[in-house]
Amino acid sequence: MAQTESGGVSYKKADASYFEKRHLQRYAGIWSLWALGVGAVISGHFSGWNFGFATGGWGGMLVAGIIIAIMYIGLVFCIAEMSPALPHTGAAYSFGRTAMGPWGGFITGLCENVEYVVTPAVIAFFIGSYLTGIFETPAAMQPVWWIITYVVFLALNIFGVALSFRVTLIVTLLSLAVLVFFWFSAIPNMDFSRWALNIAPDIQSATVPLDALKGAVATLPADIAALVTGAAADATEVTLTAAQYGTLSPELQAAAKTSNELANGNGPYFPFGFSGVLATLPFAVWLFLAIEQLPLAAEESVDPKRDMPKGILLGMLTLVVSAFMIVLLNPAVIGVGAHKLGTSGEPLLDGFRAIFGGVGAKALGLIALVGLIASFHTIVFAMGRQVYSLSRAGYFPKGLSITHDSYKTPYIAMIVGALVGLAIMLVIWFALGENAGSAIGVVLLNMAVFGAMFSYILQAISFILLRKNQPHIERPYVSPLGIPGAVATIIIGLVTLYYQIWDPLFYKGVFWVGVWFIVAIIYFAAVGRHKLILSPEEEFAMEHRAKA
């Protein structure tokens with residue numbers, strides 16, 4: 001094995017046997033790639049996006065969605081140009097490596113690694129929430145649903161790329177069918193002003209533990225004291241108006257659960273102003289997150305130079321239409337409302353329940369699971385390829401990139417990535433407690449969005465650098481948005497990260513992402529950079545840098 005020194009890293013040229021153990025199989029055409037992109041995102045139209053109602057109200061969610069859509073359109077056009085020009089499984093890492101060298105490629109790949117390891121965990125949480133609601137299982141059983149989800153879809157992804165893409169296409173089409181069915185069902189059962197606009201900018205009511213009030217009944221105003229003494233024998237709390245809440249002592253106010261739900265709706269479009277729009281950006285990301293994964297299938301695409309741009313652009317168009325419809329209709333369904341959806345783990349199921357009632361909703365809830373399944377299945381696919389590419393080049397331990405002898409899938413990368421994702425879920429579960437509810441989903445979502453935003457920013461920077469420094473690279477597709485589109489992606493990504501920091505649950509998850517980054521960077525600095533392999537991504541980058 002010949003060794004080459006370049007830019008503070010050491011390379012070895014592997015023999016044929018090294019790559020034979022890491023061989024992928026070509027299968028995907030345009031529609032398989034379209035399904036891979038749409039399927040990866042579609043769960044975000046079933047769960048996750050709705051937390052934005054709590055920070056921005058309906059208008060805030062809509063405008064945040066438009067801003068994030070602009071960011072993704074800029075990113076998607078960048079990727080549509082870069083992916084056929086650099087048709088390797090490394091995707092973001094490959095773009096960063098060619099544009100910014102080994103360290104730039106590694107950091108870009110590491111950010112994307114966080115996104116693709118954590119995102120399946122977020123979706124598994126929502127799958128558990130849906131199954132808990134459908135089968136009315138105890139909250140303590142949620143981890144069992146997570147484990148079952150990982151085992152089933154790891155198996156489907158390991159047993160062959162053809163099977164994986166067929167399942168992807170089927171579940172993606174079924175997911176869209178479920179959404180379209182919901183849209184048509186919701187339209188005659190909606191009251192937009194009453195339900196979508198039922199969030200006020202201030203407190204409307206409060207529930208206080210009855211025991212706390214009994215302990216201070218002698219000091220309470222007469223109207224509140226009357227509520228306490230007249231409470232039913234089995235009552236555990238008392239509901240107060242905003243005015244009554246304002247008369248309580250600081251200690252009793254601290255014990256209360258406040259609500260800003262407007263009983264009759266017809267509230268403001270932007271209850272929290274423009275700052276609420278900006279605070280909602282991290283949740284709006286969930287409407288499009290992971291569309292950028294398509295280039296990870298470059299070495300399994302029949303003709304990536306022709307099909308990759310078409311697949312990703314068609315996918316983005318599909319998602320823009322679906323995102324607008326779900327943001328408009330889901331909170332407007334009679335009996336649901338934006339306020340309730342702001343903390344819901346299963347917003348689409350809430351909509352089905354309101355329209356069809358309990359029995360019908362259970363059946364439809366099972367059908368609605370297909371959207372979550374589509375994204376979980378496709379992102380496990382992407383996670384395996386992302387880990388595989390970094391491992392094949394030596395940035396991660398090389399054993400992770402070995403493919404299955406028969407099925408030619410990166411099974412070790414998928415299994416290890418799944419174990420890490422599941423471990424993160426269980427740590428957060430036990431740290432927050434089984435009654436933390438949507439807080440677990442929000443923490444996981446913040447971790448995924450944090451990694452994704454940095455990845456997007458670095459990919460847009462890579463696009464700009466490649467345009468300026470390596471114009472000689474053959475580009476089968478050229479972005480019509482050019483450098484301005486990449487700059488828009490960078491600016492919106494930075495703003496989203498800034499406002500993500502203000503989420504009180506941000507630090508609980510992102511602290512450990514920081515630890516993840518530190519450990520990986522130390523490993524690469526001490527070990528990985530001395531053992532890099534001249535993989536296709538590395539050879540391409542070195543060849544074209546020499547020409548620049």
# chains A, B, ... in the order shown; residues from 1 in each chain; ligands from 1
$ select_by_dssp --residues "stretch 357-522 of chain A" --states "alpha helix (DSSP H)" --output "VMD selection string"
chain A and resid 357 to 392 411 to 432 438 to 469 482 to 500 506 to 522
$ residues_around --residues "A:Pro536" --least-positions-apart "6" --cutoff "9 Å" --atoms "only C-alpha atoms" --output "MDAnalysis selection string"
chainID A and resid 88:89 393
$ write_last_selection --atoms "C-alpha atoms" --output "PDB file, in the first residue's frame"
ATOM      1  CA  HIS A  88     -19.980   9.929  -4.726  1.00  0.00           C
ATOM      2  CA  THR A  89     -21.728   8.425  -1.705  1.00  0.00           C
ATOM      3  CA  ALA A 393     -12.140   7.025   3.510  1.00  0.00           C
TER       4      ALA A 393
END
$ select_by_dssp --residues "stretch 5-49 of chain A" --states "strand (DSSP E)" --output "PyMOL selection string"
chain A and resi 5-6+9-12
$ write_last_selection --atoms "N, CA, C and O atoms" --output "PDB file, in the first residue's frame"
ATOM      1  N   GLU A   5       1.542  11.947   1.631  1.00  0.00           N
ATOM      2  CA  GLU A   5       1.315  12.986   2.631  1.00  0.00           C
ATOM      3  C   GLU A   5       0.689  14.200   1.955  1.00  0.00           C
ATOM      4  O   GLU A   5       1.155  14.640   0.907  1.00  0.00           O
ATOM      5  N   SER A   6      -0.367  14.754   2.533  1.00  0.00           N
ATOM      6  CA  SER A   6      -1.005  15.929   1.940  1.00  0.00           C
ATOM      7  C   SER A   6      -1.786  16.700   2.989  1.00  0.00           C
ATOM      8  O   SER A   6      -2.672  16.145   3.628  1.00  0.00           O
ATOM      9  N   VAL A   9      -2.368  15.344   6.609  1.00  0.00           N
ATOM     10  CA  VAL A   9      -2.990  14.031   6.732  1.00  0.00           C
ATOM     11  C   VAL A   9      -2.179  13.024   5.922  1.00  0.00           C
ATOM     12  O   VAL A   9      -1.421  13.395   5.022  1.00  0.00           O
ATOM     13  N   SER A  10      -2.313  11.759   6.281  1.00  0.00           N
ATOM     14  CA  SER A  10      -1.590  10.685   5.606  1.00  0.00           C
ATOM     15  C   SER A  10      -2.565   9.801   4.865  1.00  0.00           C
ATOM     16  O   SER A  10      -3.601   9.412   5.414  1.00  0.00           O
ATOM     17  N   TYR A  11      -2.240   9.458   3.620  1.00  0.00           N
ATOM     18  CA  TYR A  11      -3.104   8.621   2.792  1.00  0.00           C
ATOM     19  C   TYR A  11      -2.439   7.300   2.466  1.00  0.00           C
ATOM     20  O   TYR A  11      -1.213   7.222   2.318  1.00  0.00           O
ATOM     21  N   LYS A  12      -3.281   6.274   2.351  1.00  0.00           N
ATOM     22  CA  LYS A  12      -2.839   4.992   1.845  1.00  0.00           C
ATOM     23  C   LYS A  12      -3.711   4.617   0.660  1.00  0.00           C
ATOM     24  O   LYS A  12      -4.912   4.824   0.692  1.00  0.00           O
TER      25      LYS A  12
END
$ residues_around --residues "A:Pro209" --least-positions-apart "5" --cutoff "7 Å" --atoms "only C-alpha atoms" --output "list of chain:residue names"
A:Thr236, A:Glu237, A:Val238, A:Ala256
$ write_last_selection --atoms "all heavy atoms" --output "JSON list (two decimals), in the first residue's frame"
[["chain", "number", "residue", "atom", "x", "y", "z"],
["A", 236, "THR", "N", -58.72, 17.59, 41.86],
["A", 236, "THR", "CA", -57.31, 17.72, 42.23],
["A", 236, "THR", "C", -56.76, 19.10, 41.89],
["A", 236, "THR", "O", -55.67, 19.45, 42.33],
["A", 236, "THR", "CB", -56.46, 16.66, 41.51],
["A", 236, "THR", "OG1", -56.62, 16.82, 40.10],
["A", 236, "THR", "CG2", -56.88, 15.25, 41.93],
["A", 237, "GLU", "N", -57.51, 19.87, 41.08],
["A", 237, "GLU", "CA", -57.04, 21.19, 40.71],
["A", 237, "GLU", "C", -58.23, 22.11, 40.46],
["A", 237, "GLU", "O", -59.36, 21.66, 40.29],
["A", 237, "GLU", "CB", -56.15, 21.12, 39.47],
["A", 237, "GLU", "CG", -56.83, 20.51, 38.26],
["A", 237, "GLU", "CD", -55.87, 20.28, 37.10],
["A", 237, "GLU", "OE1", -54.64, 20.21, 37.34],
["A", 237, "GLU", "OE2", -56.35, 20.16, 35.96],
["A", 238, "VAL", "N", -57.93, 23.40, 40.43],
["A", 238, "VAL", "CA", -58.96, 24.41, 40.21],
["A", 238, "VAL", "C", -58.52, 25.29, 39.03],
["A", 238, "VAL", "O", -57.35, 25.68, 38.95],
["A", 238, "VAL", "CB", -59.16, 25.28, 41.47],
["A", 238, "VAL", "CG1", -60.11, 26.45, 41.17],
["A", 238, "VAL", "CG2", -59.69, 24.44, 42.61],
["A", 256, "ALA", "N", -48.86, 26.89, 39.48],
["A", 256, "ALA", "CA", -49.95, 26.81, 38.50],
["A", 256, "ALA", "C", -49.44, 26.44, 37.11],
["A", 256, "ALA", "O", -48.29, 26.68, 36.76],
["A", 256, "ALA", "CB", -50.68, 28.15, 38.44]]
$ residues_around --residues "stretch 193-199 of chain A" --least-positions-apart "2" --cutoff "10 Å" --atoms "only C-alpha atoms" --output "MDAnalysis selection string"
chainID A and resid 53:54 56:59 190:191 201:204 259:272 327:342
$ write_last_selection --atoms "C-alpha atoms" --output "compact mmCIF listing (two decimals), in the first residue's frame"
# COMPACT_ATOMS: atom_id res chain seq x y z
CA PHE A 53 -47.44 26.81 17.02
CA ALA A 54 -46.37 27.19 20.65
CA GLY A 56 -45.21 31.57 16.79
CA GLY A 57 -48.94 30.88 16.51
CA TRP A 58 -50.45 30.04 13.12
CA GLY A 59 -49.11 33.09 11.28
CA MET A 190 -62.63 23.14 9.47
CA ASP A 191 -63.27 26.48 11.13
CA PRO A 201 -50.16 36.47 23.39
CA ASP A 202 -50.83 36.35 27.14
CA ILE A 203 -52.28 34.07 29.81
CA GLN A 204 -56.00 33.28 29.47
CA SER A 259 -52.66 28.48 29.30
CA ASN A 260 -52.87 31.06 26.53
CA GLU A 261 -55.66 29.25 24.67
CA LEU A 262 -58.48 31.48 23.46
CA ALA A 263 -61.76 29.72 24.25
CA ASN A 264 -63.52 31.26 21.24
CA GLY A 265 -60.56 31.58 18.89
CA ASN A 266 -60.43 34.55 16.50
CA GLY A 267 -57.09 35.59 17.91
CA PRO A 268 -54.15 37.29 16.17
CA TYR A 269 -52.24 35.67 13.31
CA PHE A 270 -48.97 36.57 15.03
CA PRO A 271 -49.58 36.36 18.80
CA PHE A 272 -45.86 36.65 19.57
CA VAL A 327 -49.96 23.91 7.99
CA LEU A 328 -53.24 25.35 6.69
CA LEU A 329 -55.58 22.45 7.46
CA ASN A 330 -54.38 20.50 10.49
CA PRO A 331 -54.87 23.27 13.09
CA ALA A 332 -58.13 24.45 11.51
CA VAL A 333 -59.97 21.14 12.07
CA ILE A 334 -62.89 21.63 14.47
CA GLY A 335 -61.94 20.33 17.91
CA VAL A 336 -58.17 20.42 17.29
CA GLY A 337 -56.69 23.93 17.12
CA ALA A 338 -53.21 25.40 16.98
CA HIS A 339 -52.94 25.56 20.79
CA LYS A 340 -53.41 21.81 21.22
CA LEU A 341 -51.07 20.98 18.34
CA GLY A 342 -48.33 23.08 19.91
$ residues_around --residues "stretch 278-292 of chain A" --least-positions-apart "6" --cutoff "8 Å" --atoms "only C-alpha atoms" --output "ChimeraX atom specification"
/A:37-38,40-42,44-45,48-53,55-56,60-61,64-65,67-69,72,75-76,79,312,315-316,319,323,379,446,449,452,495-497,499-500,502-503
$ closest_residue --among "A:Gln293, A:Ser17, A:Asn157, A:Ser406" --to "A:Ala80" --atoms "only C-alpha atoms"
A:Gln293
$ residues_around --residues "A:Ile70" --least-positions-apart "3" --cutoff "9 Å" --atoms "only C-alpha atoms" --output "count of residues only"
10
$ closest_atom_pairs --of "stretch 142-259 of chain A" --to "stretch 112-136 of chain A" --cutoff "6 Å" --atoms "only C-alpha atoms" --output "CSV"
residue,atom,partner,partner_atom,distance
A:Gln142,CA,A:Gly128,CA,5.4
A:Trp145,CA,A:Gly128,CA,5.3
A:Trp146,CA,A:Ala124,CA,5.4
$ write_last_selection --atoms "N, CA and C atoms" --output "PDB file, in the first residue's frame"
ATOM      1  N   GLN A 142     -43.069   3.050  25.821  1.00  0.00           N
ATOM      2  CA  GLN A 142     -42.532   3.732  24.646  1.00  0.00           C
ATOM      3  C   GLN A 142     -41.196   3.157  24.172  1.00  0.00           C
ATOM      4  N   TRP A 145     -41.576   0.244  21.822  1.00  0.00           N
ATOM      5  CA  TRP A 145     -41.942   0.605  20.450  1.00  0.00           C
ATOM      6  C   TRP A 145     -40.719   1.076  19.672  1.00  0.00           C
ATOM      7  N   TRP A 146     -39.849   1.844  20.326  1.00  0.00           N
ATOM      8  CA  TRP A 146     -38.640   2.337  19.647  1.00  0.00           C
ATOM      9  C   TRP A 146     -37.762   1.178  19.187  1.00  0.00           C
TER      10      TRP A 146
END
$ residues_around --residues "A:Lys398" --least-positions-apart "4" --cutoff "12 Å" --atoms "only C-alpha atoms" --output "ChimeraX atom specification"
/A:14,18-19,21-22,387-394,402-403,410,412-413,527-528,531-533,535
$ atom_distance --atom1 "atom CA of A:Gly109" --atom2 "atom CA of A:Ala298"
15.7 Å
$ atom_distance --atom1 "atom CA of A:Thr149" --atom2 "atom CA of A:His377"
9.4 Å
$ atom_distance --atom1 "atom CA of A:Val277" --atom2 "atom CA of A:Ile491"
15.6 Å
$ closest_residue --among "A:Ala541, A:Leu444, A:Val161, A:Ala382" --to "A:Leu466" --atoms "only C-alpha atoms"
A:Ala541
$ closest_residue --among "A:Gln470, A:Gln459, A:Ser322, A:Ser301" --to "A:Pro84" --atoms "only C-alpha atoms"
A:Ser301
$ closest_residue --among "A:His530, A:Gly345, A:Asn469, A:Phe506" --to "A:Ala546" --atoms "only C-alpha atoms"
A:Asn469
